[in-house]
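A short write-up of the structure that comes next.
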Amino acid sequence: MHSRCIWQQGEHNAFTDLIAWQGALWCVFREATAHVSPDGAFRVLRSTDHGNSWQNMALVQHAAADLRDPKFSCHPDGRLMLLGAGALHDKSQGSHQSYIWYSIDGAVWSAAQAVGDINFWLWRLTWHGQQAYALAYYVGRPSLSRLYIGDSTLQFKLQEDIYQGSYANENSLLFQPDNTAYCLLRRDPEVGLLGRSTPPYRQWHWQALTARIGGPHWLQLADNRAVACVRLYDDRVRTSLCGINIQSGELTEWLTLPSGGDCSYAGMVLQDDRLLLSYYSSHESKTAIYFAAVALSELPAA
């Protein structure tokens, strides 16, 4: 494994994502004065040499909101997309609104387009075929997770409340070739949940994971192993690669990334025989952005 800091120019640099697009790697994260502050913006970096060097491409801002937790995806028409939440300065109508931005070159971005319902934080947009899926959590009480499903216009046709209970929030969806959907769902302060559903994704079966997790994201390897990057809390707070048994919900820590304290929120890209990751951590005193490359041979065998 190789890991190194790629950005620490902001006072607080955190909440990353990573995507391979147009022959390059792209990393996005929130840059602000603090973990919670009114001035969050999205910094976009690009690497054209497999993550060895990074160039600043854009700073996406919103006059009416503190921008938080950016996530990349690629629209079916080829445009690069950003999904993020805005903590609104004017809270007279609500406290949070999710937004989408588009770009054809990663440098110039469209104006923000509101998406979803007010006070529902759409965490990550996942494409499966021509359909877009986003699981949102209600910012307030009662605790509620709502699944949005729509076509390429992102005018969501289905809005289904699929989980209510303890405080559930951050999440990541994973689709199988047979269209079965799995979901990693963070709860606080309980252990995370593993969800499973089949089309039309109205009914979900939830089972407890064997650990408390934060900032979950995952993908599936060619041999069908599911690998997740999460924050773990049991011994010391850290960011780790973990295997997830999608039948039993057993979570097994495979590899701890150099990390600690305020950390996690990884982006993941599978490229040839390597797993590429972006994440943030404060283990070197300042919250900074890190890029890691892990050879698949470093992970436990199936």
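Chain labels follow the order of the structure tokens: the first chain is A, the next B, and so on; residue numbering restarts at 1 in every chain, and ligands are counted from 1 in their shown order.
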Using only C-alpha atoms, tabulate the residues of region 112-171 of chain A lying at most 8 Å from any atom of region 56-74 of chain A, each with its closest atom pair and that distance in Å to one decimal, by chain and increasing residue number, as CSV.
```
residue,atom,partner,partner_atom,distance
A:Ala112,CA,A:His62,CA,7.7
A:Trp123,CA,A:Asp69,CA,7.7
A:Arg124,CA,A:Lys71,CA,6.0
A:Leu125,CA,A:Ser73,CA,6.7
A:Thr126,CA,A:Ser73,CA,7.1
A:Trp127,CA,A:Ser73,CA,7.8
```
Can you spit out the residues from that selection as a PDB file, in the first residue's frame, using N, CA and C atoms?
```pdb
ATOM      1  N   ALA A 112     -25.967  25.463  -9.398  1.00  0.00           N
ATOM      2  CA  ALA A 112     -26.551  24.403  -8.579  1.00  0.00           C
ATOM      3  C   ALA A 112     -28.021  24.205  -8.927  1.00  0.00           C
ATOM      4  N   TRP A 123     -27.418  11.375  -0.018  1.00  0.00           N
ATOM      5  CA  TRP A 123     -26.035  11.133   0.372  1.00  0.00           C
ATOM      6  C   TRP A 123     -25.127  10.815  -0.813  1.00  0.00           C
ATOM      7  N   ARG A 124     -25.558   9.935  -1.677  1.00  0.00           N
ATOM      8  CA  ARG A 124     -24.725   9.527  -2.825  1.00  0.00           C
ATOM      9  C   ARG A 124     -25.644   9.102  -3.960  1.00  0.00           C
ATOM     10  N   LEU A 125     -25.309   9.516  -5.175  1.00  0.00           N
ATOM     11  CA  LEU A 125     -26.087   9.148  -6.358  1.00  0.00           C
ATOM     12  C   LEU A 125     -25.414   7.958  -7.032  1.00  0.00           C
ATOM     13  N   THR A 126     -26.173   6.869  -7.209  1.00  0.00           N
ATOM     14  CA  THR A 126     -25.645   5.646  -7.814  1.00  0.00           C
ATOM     15  C   THR A 126     -26.464   5.329  -9.064  1.00  0.00           C
ATOM     16  N   TRP A 127     -25.777   5.152 -10.181  1.00  0.00           N
ATOM     17  CA  TRP A 127     -26.452   4.785 -11.419  1.00  0.00           C
ATOM     18  C   TRP A 127     -26.443   3.267 -11.581  1.00  0.00           C
TER      19      TRP A 127
END
```
Checklist entry - region 200-211 of chain A: which residues within 8 Å, counting only C-alpha atoms, same-chain residues fewer than 3 positions away excluded, as a list in words? => result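 Using only C-alpha atoms, the neighbours found are Glu160, Ile162, Ala181, Val191, Gly192, Leu193, Leu194, Gly195, Arg196, Ser197, Leu232, Asp234, Gly249, Glu250 and Leu251 of chain A.
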Next on the checklist: I want to know what sits within 9 Å of region 98-108 of chain A, based on only C-alpha atoms, with residues of the same chain fewer than 4 positions away left out; could you give that as a ChimeraX atom specification?
Outcome noted: /A:22,26,44-46,56-60,75,78-87,112-123
Selection file, C-alpha atoms, as an mmCIF file, in the first residue's frame:
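Output (result.cif):
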```
data_model
loop_
_atom_site.group_PDB
_atom_site.id
_atom_site.type_symbol
_atom_site.label_atom_id
_atom_site.label_comp_id
_atom_site.auth_asym_id
_atom_site.auth_seq_id
_atom_site.Cartn_x
_atom_site.Cartn_y
_atom_site.Cartn_z
ATOM 1 C CA GLN A 22 -12.065 11.111 -19.310
ATOM 2 C CA TRP A 26 -10.758 13.229 -10.179
ATOM 3 C CA VAL A 44 -11.967 19.601 -7.455
ATOM 4 C CA LEU A 45 -8.552 18.097 -8.299
ATOM 5 C CA ARG A 46 -7.406 16.113 -11.341
ATOM 6 C CA ASN A 56 -6.452 22.183 -8.873
ATOM 7 C CA MET A 57 -9.328 22.397 -11.381
ATOM 8 C CA ALA A 58 -12.242 24.155 -9.678
ATOM 9 C CA LEU A 59 -13.757 25.535 -6.503
ATOM 10 C CA VAL A 60 -17.549 25.090 -6.442
ATOM 11 C CA HIS A 75 -24.371 10.964 -16.143
ATOM 12 C CA GLY A 78 -21.085 11.502 -20.300
ATOM 13 C CA ARG A 79 -21.182 14.625 -18.152
ATOM 14 C CA LEU A 80 -19.425 14.627 -14.806
ATOM 15 C CA MET A 81 -21.815 15.237 -11.922
ATOM 16 C CA LEU A 82 -21.464 16.454 -8.362
ATOM 17 C CA LEU A 83 -24.061 15.785 -5.674
ATOM 18 C CA GLY A 84 -23.800 17.609 -2.373
ATOM 19 C CA ALA A 85 -25.833 19.039 0.443
ATOM 20 C CA GLY A 86 -26.123 22.684 1.356
ATOM 21 C CA ALA A 87 -26.554 23.724 4.973
ATOM 22 C CA ALA A 112 -26.551 24.403 -8.579
ATOM 23 C CA GLN A 113 -29.839 22.594 -9.233
ATOM 24 C CA ALA A 114 -31.933 21.678 -6.206
ATOM 25 C CA VAL A 115 -32.829 17.990 -6.073
ATOM 26 C CA GLY A 116 -35.019 16.020 -3.693
ATOM 27 C CA ASP A 117 -37.086 17.370 -0.825
ATOM 28 C CA ILE A 118 -36.039 20.084 1.569
ATOM 29 C CA ASN A 119 -34.359 18.678 4.702
ATOM 30 C CA PHE A 120 -33.686 15.328 2.989
ATOM 31 C CA TRP A 121 -29.942 14.865 2.559
ATOM 32 C CA LEU A 122 -29.270 12.823 -0.585
ATOM 33 C CA TRP A 123 -26.035 11.133 0.372
#
```
Next on the checklist: Rounded to one decimal, what separation in Å do you get between CA of Ser285 (chain A) and CA of Ser240 (chain A)?
Outcome noted: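 Those two atoms sit 18.9 Å apart.
Taking only C-alpha atoms into account, Pro258 (chain A) lies nearest to A:Cys5 out of the set A:Ala168, A:Leu154, A:Leu219, A:Cys5.
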Item to check | Backbone DSSP call of strand (DSSP E or B) for region 214-277 of chain A, listed as an NGL selection string | outcome: :A and (214-220 or 226-232 or 238-244 or 251-256 or 264-271 or 274-277)
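Residue nearest Leu174 (chain A) within the list A:Gly10, A:Gly23, A:Pro300, A:Pro216: A:Pro216 [criterion: smallest interatomic distance, only C-alpha atoms].
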Item to check | Non-local contacts of Leu299 (chain A) (8 Å; only C-alpha atoms; under 4 positions in same chain excluded) as a VMD selection string | outcome: chain A and resid 254 to 255 295
Can those selected residues be exported to a file as a PDB file, in the first residue's frame so that it contains all heavy atoms?
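Dumped everything to again12.pdb:
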```
ATOM      1  N   TRP A 254      -9.601  -5.626   6.990  1.00  0.00           N
ATOM      2  CA  TRP A 254      -8.539  -6.178   6.165  1.00  0.00           C
ATOM      3  C   TRP A 254      -7.260  -5.360   6.227  1.00  0.00           C
ATOM      4  O   TRP A 254      -6.169  -5.902   6.316  1.00  0.00           O
ATOM      5  CB  TRP A 254      -9.000  -6.249   4.707  1.00  0.00           C
ATOM      6  CG  TRP A 254      -9.943  -7.364   4.408  1.00  0.00           C
ATOM      7  CD1 TRP A 254     -10.288  -8.395   5.238  1.00  0.00           C
ATOM      8  CD2 TRP A 254     -10.655  -7.581   3.183  1.00  0.00           C
ATOM      9  NE1 TRP A 254     -11.172  -9.232   4.610  1.00  0.00           N
ATOM     10  CE2 TRP A 254     -11.425  -8.757   3.344  1.00  0.00           C
ATOM     11  CE3 TRP A 254     -10.735  -6.896   1.985  1.00  0.00           C
ATOM     12  CZ2 TRP A 254     -12.240  -9.266   2.329  1.00  0.00           C
ATOM     13  CZ3 TRP A 254     -11.541  -7.385   0.974  1.00  0.00           C
ATOM     14  CH2 TRP A 254     -12.293  -8.563   1.152  1.00  0.00           C
ATOM     15  N   LEU A 255      -7.403  -4.054   6.154  1.00  0.00           N
ATOM     16  CA  LEU A 255      -6.223  -3.200   6.032  1.00  0.00           C
ATOM     17  C   LEU A 255      -6.538  -1.827   6.604  1.00  0.00           C
ATOM     18  O   LEU A 255      -7.503  -1.185   6.185  1.00  0.00           O
ATOM     19  CB  LEU A 255      -5.819  -3.077   4.554  1.00  0.00           C
ATOM     20  CG  LEU A 255      -4.547  -2.320   4.225  1.00  0.00           C
ATOM     21  CD1 LEU A 255      -3.329  -3.042   4.798  1.00  0.00           C
ATOM     22  CD2 LEU A 255      -4.404  -2.155   2.717  1.00  0.00           C
ATOM     23  N   ALA A 295      -2.633  -2.611  -3.822  1.00  0.00           N
ATOM     24  CA  ALA A 295      -2.636  -3.752  -4.752  1.00  0.00           C
ATOM     25  C   ALA A 295      -3.653  -4.781  -4.277  1.00  0.00           C
ATOM     26  O   ALA A 295      -3.729  -5.068  -3.074  1.00  0.00           O
ATOM     27  CB  ALA A 295      -1.249  -4.369  -4.828  1.00  0.00           C
TER      28      ALA A 295
END
```
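The space between CA of Asn52 (chain A) and CA of Ser282 (chain A) spans 21.2 Å.
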Next on the checklist: Using only C-alpha atoms for the distances, tell me which of A:Thr198, A:Thr48, A:Thr16, A:Ser166 is nearest to Ser278 (chain A).
Outcome noted: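 Distance minimum relative to Ser278 (chain A) lands on A:Thr16.
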Next on the checklist: Residues within 10 Å of His12 (chain A), please, as a list in words. Count only C-alpha atoms; anything in the same chain fewer than 4 positions from it doesn't count.
Outcome noted: Gln8, Arg30, Glu31, Ala32, Thr33, Ala34, His35, Val36, Ser37, Gly40, Tyr280, Ser282, Lys286, Thr287, Ala288 and Ile289 of chain A
Item to check | Tyr148 (chain A) surroundings by only C-alpha atoms, 8 Å radius, close-in-sequence under 2 positions cut, as a PyMOL selection string | outcome: chain A and resi 116+132-136+146+150+156-160
